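Visitor: Have a look at the structure that comes next, please.
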Amino acid sequence: MKNFDAIVIGAGQAGPSLAARMVEKGMKVALIERKFLGGTCVNAGCMPTKTLVASARAAHVARSGAAYGVNIPGEIAIDMKVVRARAETVTMNARNGLIGWLTGMDGMSVIYGHARFEDPKTISVNGETLTAPRIFLNVGARPVIPDLPGIHDIDYLTSTSIIQLDTLPRHLAVIGGSYIGLEFAQMYRRFGAEVSVIEHGPKLASREDEDISDAIAEILRAEDIGVHTDAGNIAFAGNGSGVSVTAGSATIDASHVLIATGRTPNTDDLGLDAAGVITDKRGFITVDDRLATNVEGIFALGDCNGHGAFTHTSYNDFEIAAANLLDGDDRKVSSRIPAYALYIDPPLGRVGMTEKQARQSGRNIMVSTRPMSRVGRANERGETKGFMKVIADAETKKILGAAILGIEGDEVIHGLIDAMNAGTTYPALQWSVPIHPTVSELIPTLLGDLKPVQP
Ligand SMILES: Cc1cc2nc3c(=O)[nH]c(=O)nc-3n(C[C@H](O)[C@H](O)[C@H](O)COP(=O)(O)OP(=O)(O)OC[C@H]3O[C@@H](n4cnc5c(N)ncnc54)[C@H](O)[C@@H]3O)c2cc1C
Ligand SMILES: NC(=O)c1ccc[n+]([C@@H]2O[C@H](COP(=O)([O-])OP(=O)(O)OC[C@H]3O[C@@H](n4cnc5c(N)ncnc54)[C@H](O)[C@@H]3O)[C@@H](O)[C@H]2O)c1
């Protein structure tokens, strides 16, 4: 039995930084990872996909050149081997950076292997047992595969395996119309594949307001992506050249199928029963506002606790755990204002409540919207798709939420993220003097147009 001051299971977005902070404090720490340092974001998530999105945008810009007076003779050819290699390089640079950082640290034992609880203070890995008074779980999540008719008889891709693809599909059928599905759908269309998105719900990106979902569908349809919502009875059958996908009354002759129907936490093979750690019925580890599980000394951070499904929420879990355990602070998950981006082009930047949530909260609210076609920067760039929307509390004058679907939406939203975190009222923001010509310069104007709406 090896003794440590703390054991961290999973080297995702929270585990490595937390392990490093504990080592800095003089603690002896074991960091156990069964696959790659960096977890999903670095190896199969944000980093490779956003690198691929950049290649897809380059293709799109090259194809649109003539409208800007830039004529590129001949067809725009995509070299999928180079596209894939670029993504792999970005991943490997990040992974190798982590390897160098973590393995060179005094007091840190990086152990590769699958960890499992023996009891609340004991972990087995590679046939050895380790013990520590504090155990941190940062085990992340993996793609969920729905039990649809015929699915087990076909070769399908997930968000992990599609990153390895170095050939162009003839026709990619994407099952699931949310973050993963939509980012890959637009990317592969821009690489030159035919693409169909098949979503069983009535709207794409169904967590968003309907006007946002509709605008996203319009953006994708404008690029000739087939969008099938309310798709019932989805089924698969192999045919000579690929897979025949039926969805309601439509039949799609696909060469490749991407399953993008959500993610499930990696908590089923962790021996949580042996430790007595409770999960909800979907397998997410139940934690309190300070990330403690029901078992003393065991904490859960990142996607596996169900309080966020993003790199920044996992990293913020590290910040909360480190502040509370090492800095004598009292940070809570409930203080976090949700924010995220959907990386289609143009992107959707989001913070706080949707309009629907704000209405349902029973507050007196004010809403303002502005099409991107009325934003100078968007016109100058010739990219006027989308719109911006902000929701405020009519009484407190605080901003409740915002959505910016438009060029630079993922960056522009940060002005509002910062204002909300600082508790700034919207009239105060109207007096800021933004830079011209930016998208952000329209935020004070947007706020000036806030009008009361019925809850
Ligand atoms: C395709 C895709 C694109 C994404 N794009 C974005 C984006 O643009 N922006 C964003 O914010 N988020 C994005 N995400 C989500 C983001 O990647 C995750 O929210 C984030 O990586 C979660 O980090 P984590 O620390 O919770 O866990 P993970 O990064 O998943 O790490 C968990 C680690 O634990 C290891 N592990 C699991 N079980 C065990 C065990 N028993 N023993 C040892 N090790 C174990 C795993 O191997 C893994 O390395 C994307 C996700 C995907 C799939
Ligand atoms: N830009 C980003 O930050 C980013 C990018 C990619 C992924 N992610 C993270 O990854 C997580 C998983 O993403 P995701 O898009 O796979 O999951 P998701 O849970 O967001 O969406 C799954 C979609 O699939 C649909 N669906 C479910 N079962 C289906 C079925 N049988 N047939 C057809 N449609 C079905 C759902 O209605 C939903 O629209 C997200 O929660 C997100 O946090 C984030």
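In the structure tokens, each chain is lettered A, B, ... as it comes, each chain's residues begin at 1, and ligands are numbered from 1 in order of appearance.
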Using only C-alpha atoms, determine which residues lie at most 6 Å from Ala237 in chain A, disregarding the query and same-chain residues fewer than 4 positions distant; provide the list as a list in words.

Guide: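 The residues satisfying every condition are Gly150, Val243 and Ser244 of chain A.
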
Visitor: Take the residues just selected and output them with C-alpha atoms as a CSV table (one decimal), in the first residue's frame.

Guide:
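Produced file part_25.csv, reproduced below:
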chain,number,residue,atom,x,y,z
A,150,GLY,CA,-29.7,-1.2,-36.8
A,243,VAL,CA,-25.5,3.3,-44.6
A,244,SER,CA,-29.1,4.0,-45.4

Visitor: Skipping near chain neighbours, those fewer than 2 positions away, what residues fall within 10 Å of Ile123 in chain A using only C-alpha atoms, listed as a list in words?

Guide: Met1, Lys2, Ile7, Ile9, Ile32, His114, Ala115, Arg116, Phe117, Glu118, Asp119, Pro120, Lys121, Val125, Gly127, Glu128, Thr129, Leu130, Thr131, Ala132, Ile135, Leu270, Gly271 and Ala275 of chain A

Visitor: Name the residues of range 93-266 of chain A that come out as strand (DSSP E or B) in a backbone DSSP run; write them as a ChimeraX atom specification.

Guide: /A:108-112,116-119,122-125,128-131,134-137,141-143,157,171-175,194-198,226-228,235-239,242-247,250-254,256-259,263-265

Visitor: Here is a test: counting only C-alpha atoms and all ligand atoms, which residue of A:Ser159, A:Ser196, A:Gln164, A:Ser334 is nearest to ligand 1?

Guide: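 Of A:Ser159, A:Ser196, A:Gln164, A:Ser334, the one nearest ligand 1, counting only C-alpha atoms and all ligand atoms, is A:Ser159.
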
Visitor: At most 7 Å is the cut-off: for each residue in chain A with any atom that close to an atom of ligand 2, write down the nearest atom pair and the distance in Å rounded to one decimal, counting only C-alpha atoms and all ligand atoms, chain first then increasing number, as JSON lines.

Guide:
{"residue": "A:Gly45", "atom": "CA", "partner": "ligand 2", "partner_atom_place_in_ligand_line": "6 (C)", "distance": 6.8}
{"residue": "A:Cys46", "atom": "CA", "partner": "ligand 2", "partner_atom_place_in_ligand_line": "5 (C)", "distance": 6.5}
{"residue": "A:Pro143", "atom": "CA", "partner": "ligand 2", "partner_atom_place_in_ligand_line": "16 (O)", "distance": 6.8}
{"residue": "A:Pro146", "atom": "CA", "partner": "ligand 2", "partner_atom_place_in_ligand_line": "31 (N)", "distance": 5.3}
{"residue": "A:Leu148", "atom": "CA", "partner": "ligand 2", "partner_atom_place_in_ligand_line": "31 (N)", "distance": 6.5}
{"residue": "A:Ile175", "atom": "CA", "partner": "ligand 2", "partner_atom_place_in_ligand_line": "33 (C)", "distance": 5.1}
{"residue": "A:Gly176", "atom": "CA", "partner": "ligand 2", "partner_atom_place_in_ligand_line": "24 (O)", "distance": 3.4}
{"residue": "A:Gly177", "atom": "CA", "partner": "ligand 2", "partner_atom_place_in_ligand_line": "39 (O)", "distance": 4.6}
{"residue": "A:Ser178", "atom": "CA", "partner": "ligand 2", "partner_atom_place_in_ligand_line": "15 (O)", "distance": 4.1}
{"residue": "A:Tyr179", "atom": "CA", "partner": "ligand 2", "partner_atom_place_in_ligand_line": "15 (O)", "distance": 3.9}
{"residue": "A:Ile180", "atom": "CA", "partner": "ligand 2", "partner_atom_place_in_ligand_line": "15 (O)", "distance": 3.9}
{"residue": "A:Gly181", "atom": "CA", "partner": "ligand 2", "partner_atom_place_in_ligand_line": "15 (O)", "distance": 5.4}
{"residue": "A:Ile198", "atom": "CA", "partner": "ligand 2", "partner_atom_place_in_ligand_line": "33 (C)", "distance": 5.9}
{"residue": "A:Glu199", "atom": "CA", "partner": "ligand 2", "partner_atom_place_in_ligand_line": "34 (N)", "distance": 4.1}
{"residue": "A:His200", "atom": "CA", "partner": "ligand 2", "partner_atom_place_in_ligand_line": "33 (C)", "distance": 4.1}
{"residue": "A:Gly201", "atom": "CA", "partner": "ligand 2", "partner_atom_place_in_ligand_line": "37 (O)", "distance": 5.0}
{"residue": "A:Leu204", "atom": "CA", "partner": "ligand 2", "partner_atom_place_in_ligand_line": "39 (O)", "distance": 6.1}
{"residue": "A:Ala205", "atom": "CA", "partner": "ligand 2", "partner_atom_place_in_ligand_line": "39 (O)", "distance": 5.7}
{"residue": "A:Ser206", "atom": "CA", "partner": "ligand 2", "partner_atom_place_in_ligand_line": "39 (O)", "distance": 5.9}
{"residue": "A:Ile234", "atom": "CA", "partner": "ligand 2", "partner_atom_place_in_ligand_line": "32 (N)", "distance": 6.6}
{"residue": "A:Ala260", "atom": "CA", "partner": "ligand 2", "partner_atom_place_in_ligand_line": "16 (O)", "distance": 4.2}
{"residue": "A:Thr261", "atom": "CA", "partner": "ligand 2", "partner_atom_place_in_ligand_line": "24 (O)", "distance": 3.5}
{"residue": "A:Gly262", "atom": "CA", "partner": "ligand 2", "partner_atom_place_in_ligand_line": "17 (O)", "distance": 3.2}
{"residue": "A:Arg263", "atom": "CA", "partner": "ligand 2", "partner_atom_place_in_ligand_line": "12 (C)", "distance": 5.1}
{"residue": "A:Gly308", "atom": "CA", "partner": "ligand 2", "partner_atom_place_in_ligand_line": "43 (O)", "distance": 6.9}
{"residue": "A:Ala309", "atom": "CA", "partner": "ligand 2", "partner_atom_place_in_ligand_line": "43 (O)", "distance": 3.8}
{"residue": "A:Phe310", "atom": "CA", "partner": "ligand 2", "partner_atom_place_in_ligand_line": "43 (O)", "distance": 4.9}
{"residue": "A:Tyr340", "atom": "CA", "partner": "ligand 2", "partner_atom_place_in_ligand_line": "3 (O)", "distance": 5.8}
{"residue": "A:Ala341", "atom": "CA", "partner": "ligand 2", "partner_atom_place_in_ligand_line": "1 (N)", "distance": 5.0}
{"residue": "A:Leu342", "atom": "CA", "partner": "ligand 2", "partner_atom_place_in_ligand_line": "1 (N)", "distance": 4.1}
{"residue": "A:Tyr343", "atom": "CA", "partner": "ligand 2", "partner_atom_place_in_ligand_line": "1 (N)", "distance": 5.2}

Visitor: Could you write out the selected residues, including C-alpha atoms, as a tab-separated table (two decimals), in the first residue's frame?

Guide:
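Result went into result17.tsv, see below:
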chain	number	residue	atom	x	y	z
A	45	GLY	CA	-12.66	17.77	-27.70
A	46	CYS	CA	-12.16	21.51	-27.87
A	143	PRO	CA	-20.09	9.71	-26.03
A	146	PRO	CA	-28.42	5.41	-28.31
A	148	LEU	CA	-31.47	2.82	-32.27
A	175	ILE	CA	-27.40	12.09	-35.47
A	176	GLY	CA	-28.06	14.75	-32.80
A	177	GLY	CA	-28.36	18.49	-33.48
A	178	SER	CA	-26.58	20.14	-30.58
A	179	TYR	CA	-23.00	21.31	-29.89
A	180	ILE	CA	-21.08	18.33	-31.23
A	181	GLY	CA	-23.43	17.56	-34.09
A	198	ILE	CA	-30.98	14.36	-37.87
A	199	GLU	CA	-32.39	15.60	-34.58
A	200	HIS	CA	-35.25	13.84	-32.84
A	201	GLY	CA	-36.36	16.98	-30.98
A	204	LEU	CA	-31.67	22.32	-33.14
A	205	ALA	CA	-29.68	23.44	-30.05
A	206	SER	CA	-32.83	22.96	-28.03
A	234	ILE	CA	-34.46	6.84	-36.73
A	260	ALA	CA	-23.60	13.06	-31.45
A	261	THR	CA	-26.43	12.41	-29.01
A	262	GLY	CA	-24.82	13.48	-25.76
A	263	ARG	CA	-22.23	12.28	-23.26
A	308	GLY	CA	-21.09	21.86	-16.25
A	309	ALA	CA	-20.05	20.20	-19.45
A	310	PHE	CA	-17.34	22.57	-20.59
A	340	TYR	CA	-20.48	29.02	-23.26
A	341	ALA	CA	-20.13	29.20	-27.01
A	342	LEU	CA	-21.29	27.07	-29.90
A	343	TYR	CA	-18.58	27.05	-32.54

Visitor: Find the residues near Met47 in chain A: any atom within 8 Å, counting only C-alpha atoms, skip ones fewer than 6 places away on the same chain, and give them as a VMD selection string.

Guide: chain A and resid 41 87 90 to 91

Visitor: Please dump the current selection as a PDB file, in the first residue's frame; keep N, CA and C atoms.

Guide:
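What landed in again_34.pdb:
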ATOM      1  N   CYS A  41     -10.736  17.606 -23.605  1.00  0.00           N
ATOM      2  CA  CYS A  41     -10.514  18.890 -24.270  1.00  0.00           C
ATOM      3  C   CYS A  41      -9.277  18.837 -25.160  1.00  0.00           C
ATOM      4  N   ALA A  87      -4.713  19.219 -36.661  1.00  0.00           N
ATOM      5  CA  ALA A  87      -5.426  19.015 -35.389  1.00  0.00           C
ATOM      6  C   ALA A  87      -4.578  18.157 -34.450  1.00  0.00           C
ATOM      7  N   VAL A  90      -1.758  20.198 -32.865  1.00  0.00           N
ATOM      8  CA  VAL A  90      -2.212  21.068 -31.765  1.00  0.00           C
ATOM      9  C   VAL A  90      -2.431  20.224 -30.506  1.00  0.00           C
ATOM     10  N   THR A  91      -3.061  19.076 -30.672  1.00  0.00           N
ATOM     11  CA  THR A  91      -3.290  18.179 -29.529  1.00  0.00           C
ATOM     12  C   THR A  91      -1.962  17.721 -28.927  1.00  0.00           C
TER      13      THR A  91
END

Visitor: Taking the DSSP assignment computed from this structure's backbone, write out as JSON, numbers by chain all residues of range 224-434 of chain A that belong to helix (DSSP H, G or I).

Guide: {"A": [272, 273, 274, 275, 302, 303, 304, 305, 311, 312, 313, 314, 315, 316, 317, 318, 319, 320, 321, 322, 323, 324, 325, 326, 333, 334, 335, 355, 356, 357, 358, 359, 360, 372, 373, 374, 376, 377, 378, 379, 380, 381, 409, 410, 411, 412, 413, 414, 415, 416, 417, 418, 419, 420, 421, 422, 426, 427, 428, 429, 430]}

Visitor: Excluding Asp449 in chain A and its own-chain neighbours fewer than 6 positions away, which residues fall within 9 Å of it when counting only C-alpha atoms? Please give them as a list in words.

Guide: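 Once the adjacent positions are removed, what remains is Val367, Ser368, Thr369 and Arg370 of chain A.
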
Visitor: Could you please determine the separation between atom 20 (C, counted along the ligand's line) of ligand 1 and CA of Pro48 in chain A in Å, to one decimal place?

Guide: 12.6 Å

Visitor: Got a sec: who's within 12 Å of Ala419 in chain A, counting only C-alpha atoms, leaving out chain neighbours fewer than 3 positions off, as a list of chain:residue names?

Guide: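 Near neighbours after the sequence-gap exclusion: A:Ile337, A:Val351, A:Gly352, A:Lys397, A:Lys398, A:Ile399, A:Leu400, A:Gly401, A:Ala402, A:Val412, A:Ile413, A:His414, A:Gly415, A:Leu416, A:Ala422, A:Gly423, A:Thr424, A:Thr425, A:Tyr426, A:Pro427, A:Ala428, A:Leu429, A:Gln430, A:Ser432, A:Ile443.
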
Visitor: Calculated over only C-alpha atoms, which of the candidates A:Phe36, A:Phe4, A:Phe184, A:Phe136 has the smallest distance to Thr293 in chain A?

Guide: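 Distance minimum relative to Thr293 in chain A lands on A:Phe136.
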
Visitor: Can you tell me which residues surround Gly382 in chain A at a distance of at most 12 Å, considering only C-alpha atoms, apart from same-chain residues fewer than 2 positions away, and format the answer as a ChimeraX atom specification?

Guide: /A:61,64-65,67-68,346,372-380,384-385,406-407

Visitor: Keeping only N, CA and C atoms, take the residues you just selected and write them out as a PDB file, in the first residue's frame.

Guide:
ATOM      1  N   VAL A  61     -13.710  30.724 -46.481  1.00  0.00           N
ATOM      2  CA  VAL A  61     -13.227  32.064 -46.870  1.00  0.00           C
ATOM      3  C   VAL A  61     -12.632  32.002 -48.280  1.00  0.00           C
ATOM      4  N   SER A  64     -15.320  31.911 -50.749  1.00  0.00           N
ATOM      5  CA  SER A  64     -16.108  33.155 -50.841  1.00  0.00           C
ATOM      6  C   SER A  64     -15.287  34.316 -51.394  1.00  0.00           C
ATOM      7  N   GLY A  65     -14.035  34.047 -51.746  1.00  0.00           N
ATOM      8  CA  GLY A  65     -13.107  35.115 -52.114  1.00  0.00           C
ATOM      9  C   GLY A  65     -13.622  36.069 -53.180  1.00  0.00           C
ATOM     10  N   ALA A  67     -16.427  37.267 -53.900  1.00  0.00           N
ATOM     11  CA  ALA A  67     -17.329  38.338 -53.437  1.00  0.00           C
ATOM     12  C   ALA A  67     -16.542  39.509 -52.846  1.00  0.00           C
ATOM     13  N   TYR A  68     -15.303  39.255 -52.461  1.00  0.00           N
ATOM     14  CA  TYR A  68     -14.453  40.300 -51.876  1.00  0.00           C
ATOM     15  C   TYR A  68     -13.451  40.834 -52.911  1.00  0.00           C
ATOM     16  N   PRO A 346     -21.311  31.850 -38.193  1.00  0.00           N
ATOM     17  CA  PRO A 346     -20.801  32.602 -37.050  1.00  0.00           C
ATOM     18  C   PRO A 346     -21.145  31.895 -35.742  1.00  0.00           C
ATOM     19  N   MET A 372     -27.621  41.214 -36.890  1.00  0.00           N
ATOM     20  CA  MET A 372     -26.221  41.519 -37.219  1.00  0.00           C
ATOM     21  C   MET A 372     -26.143  42.360 -38.500  1.00  0.00           C
ATOM     22  N   SER A 373     -27.201  42.352 -39.299  1.00  0.00           N
ATOM     23  CA  SER A 373     -27.198  43.184 -40.519  1.00  0.00           C
ATOM     24  C   SER A 373     -27.201  44.675 -40.160  1.00  0.00           C
ATOM     25  N   ARG A 374     -27.471  44.995 -38.865  1.00  0.00           N
ATOM     26  CA  ARG A 374     -27.398  46.401 -38.450  1.00  0.00           C
ATOM     27  C   ARG A 374     -26.148  46.655 -37.604  1.00  0.00           C
ATOM     28  N   VAL A 375     -25.112  45.871 -37.851  1.00  0.00           N
ATOM     29  CA  VAL A 375     -23.832  46.063 -37.155  1.00  0.00           C
ATOM     30  C   VAL A 375     -22.788  46.408 -38.219  1.00  0.00           C
ATOM     31  N   GLY A 376     -22.190  47.582 -38.105  1.00  0.00           N
ATOM     32  CA  GLY A 376     -21.248  48.058 -39.122  1.00  0.00           C
ATOM     33  C   GLY A 376     -20.148  47.058 -39.417  1.00  0.00           C
ATOM     34  N   ARG A 377     -19.529  46.543 -38.369  1.00  0.00           N
ATOM     35  CA  ARG A 377     -18.424  45.598 -38.557  1.00  0.00           C
ATOM     36  C   ARG A 377     -18.863  44.378 -39.376  1.00  0.00           C
ATOM     37  N   ALA A 378     -20.076  43.895 -39.108  1.00  0.00           N
ATOM     38  CA  ALA A 378     -20.583  42.717 -39.821  1.00  0.00           C
ATOM     39  C   ALA A 378     -20.761  43.048 -41.303  1.00  0.00           C
ATOM     40  N   ASN A 379     -21.283  44.240 -41.579  1.00  0.00           N
ATOM     41  CA  ASN A 379     -21.457  44.640 -42.977  1.00  0.00           C
ATOM     42  C   ASN A 379     -20.120  44.792 -43.682  1.00  0.00           C
ATOM     43  N   GLU A 380     -19.170  45.407 -42.988  1.00  0.00           N
ATOM     44  CA  GLU A 380     -17.855  45.604 -43.602  1.00  0.00           C
ATOM     45  C   GLU A 380     -17.202  44.255 -43.917  1.00  0.00           C
ATOM     46  N   THR A 384     -23.201  38.966 -42.204  1.00  0.00           N
ATOM     47  CA  THR A 384     -24.285  39.629 -41.466  1.00  0.00           C
ATOM     48  C   THR A 384     -25.304  38.638 -40.912  1.00  0.00           C
ATOM     49  N   LYS A 385     -24.955  37.363 -40.904  1.00  0.00           N
ATOM     50  CA  LYS A 385     -25.927  36.387 -40.387  1.00  0.00           C
ATOM     51  C   LYS A 385     -26.024  36.486 -38.868  1.00  0.00           C
ATOM     52  N   GLY A 406     -23.398  35.663 -34.063  1.00  0.00           N
ATOM     53  CA  GLY A 406     -22.884  36.533 -35.117  1.00  0.00           C
ATOM     54  C   GLY A 406     -21.366  36.538 -35.084  1.00  0.00           C
ATOM     55  N   ILE A 407     -20.759  37.211 -36.042  1.00  0.00           N
ATOM     56  CA  ILE A 407     -19.285  37.189 -36.094  1.00  0.00           C
ATOM     57  C   ILE A 407     -18.718  37.650 -34.750  1.00  0.00           C
TER      58      ILE A 407
END

Visitor: Can you work out which one of A:Val144, A:Ala247, A:Val29, A:Val453 has the shortest atom-to-atom distance to ligand 1, counting only C-alpha atoms and all ligand atoms?

Guide: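 Ranked by minimum distance to ligand 1, first place goes to A:Val144.
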
Visitor: Between CA of Arg207 in chain A and CA of Arg359 in chain A, what is the distance, to one decimal in Å?

Guide: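 These two atoms are separated by 14.6 Å.
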
Visitor: Rounded to one decimal, what separation in Å do you get between CA of Asp79 in chain A and CA of Asn239 in chain A?

Guide: 27.3 Å

Visitor: Give me the residues within 9 Å of Asn294 in chain A as a list of chain:residue names, counting only C-alpha atoms and dropping any in the same chain fewer than 5 places off.

Guide: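 Answer for this query is A:Gly276, A:Val277, A:Ile278, A:Thr286, A:Val287, A:Asp288, A:Phe299.
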
Visitor: Got time to write the residues from that selection, N, CA and C atoms, as an mmCIF file, in the first residue's frame?

Guide:
data_model
loop_
_atom_site.group_PDB
_atom_site.id
_atom_site.type_symbol
_atom_site.label_atom_id
_atom_site.label_comp_id
_atom_site.auth_asym_id
_atom_site.auth_seq_id
_atom_site.Cartn_x
_atom_site.Cartn_y
_atom_site.Cartn_z
ATOM 1 N N GLY A 276 -19.066 4.012 -1.446
ATOM 2 C CA GLY A 276 -20.349 4.545 -0.960
ATOM 3 C C GLY A 276 -20.698 5.907 -1.550
ATOM 4 N N VAL A 277 -20.060 6.270 -2.673
ATOM 5 C CA VAL A 277 -20.318 7.583 -3.291
ATOM 6 C C VAL A 277 -21.610 7.514 -4.119
ATOM 7 N N ILE A 278 -22.468 8.487 -3.905
ATOM 8 C CA ILE A 278 -23.783 8.493 -4.556
ATOM 9 C C ILE A 278 -23.723 9.233 -5.899
ATOM 10 N N THR A 286 -23.091 13.018 -7.254
ATOM 11 C CA THR A 286 -23.794 14.071 -6.517
ATOM 12 C C THR A 286 -22.787 14.826 -5.650
ATOM 13 N N VAL A 287 -22.748 16.150 -5.826
ATOM 14 C CA VAL A 287 -21.835 16.976 -5.012
ATOM 15 C C VAL A 287 -22.610 18.139 -4.409
ATOM 16 N N ASP A 288 -22.047 18.704 -3.330
ATOM 17 C CA ASP A 288 -22.656 19.903 -2.763
ATOM 18 C C ASP A 288 -22.055 21.134 -3.438
ATOM 19 N N PHE A 299 -14.164 14.242 -3.408
ATOM 20 C CA PHE A 299 -14.707 15.387 -4.153
ATOM 21 C C PHE A 299 -14.820 14.999 -5.639
#

Visitor: Rank A:Arg86, A:Arg142, A:Arg21, A:His152 by their smallest atom-to-atom distance to Asp303 in chain A, using only C-alpha atoms, and report the top residue only.

Guide: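 Comparing A:Arg86, A:Arg142, A:Arg21, A:His152 against Asp303 in chain A, the winner is A:Arg142.
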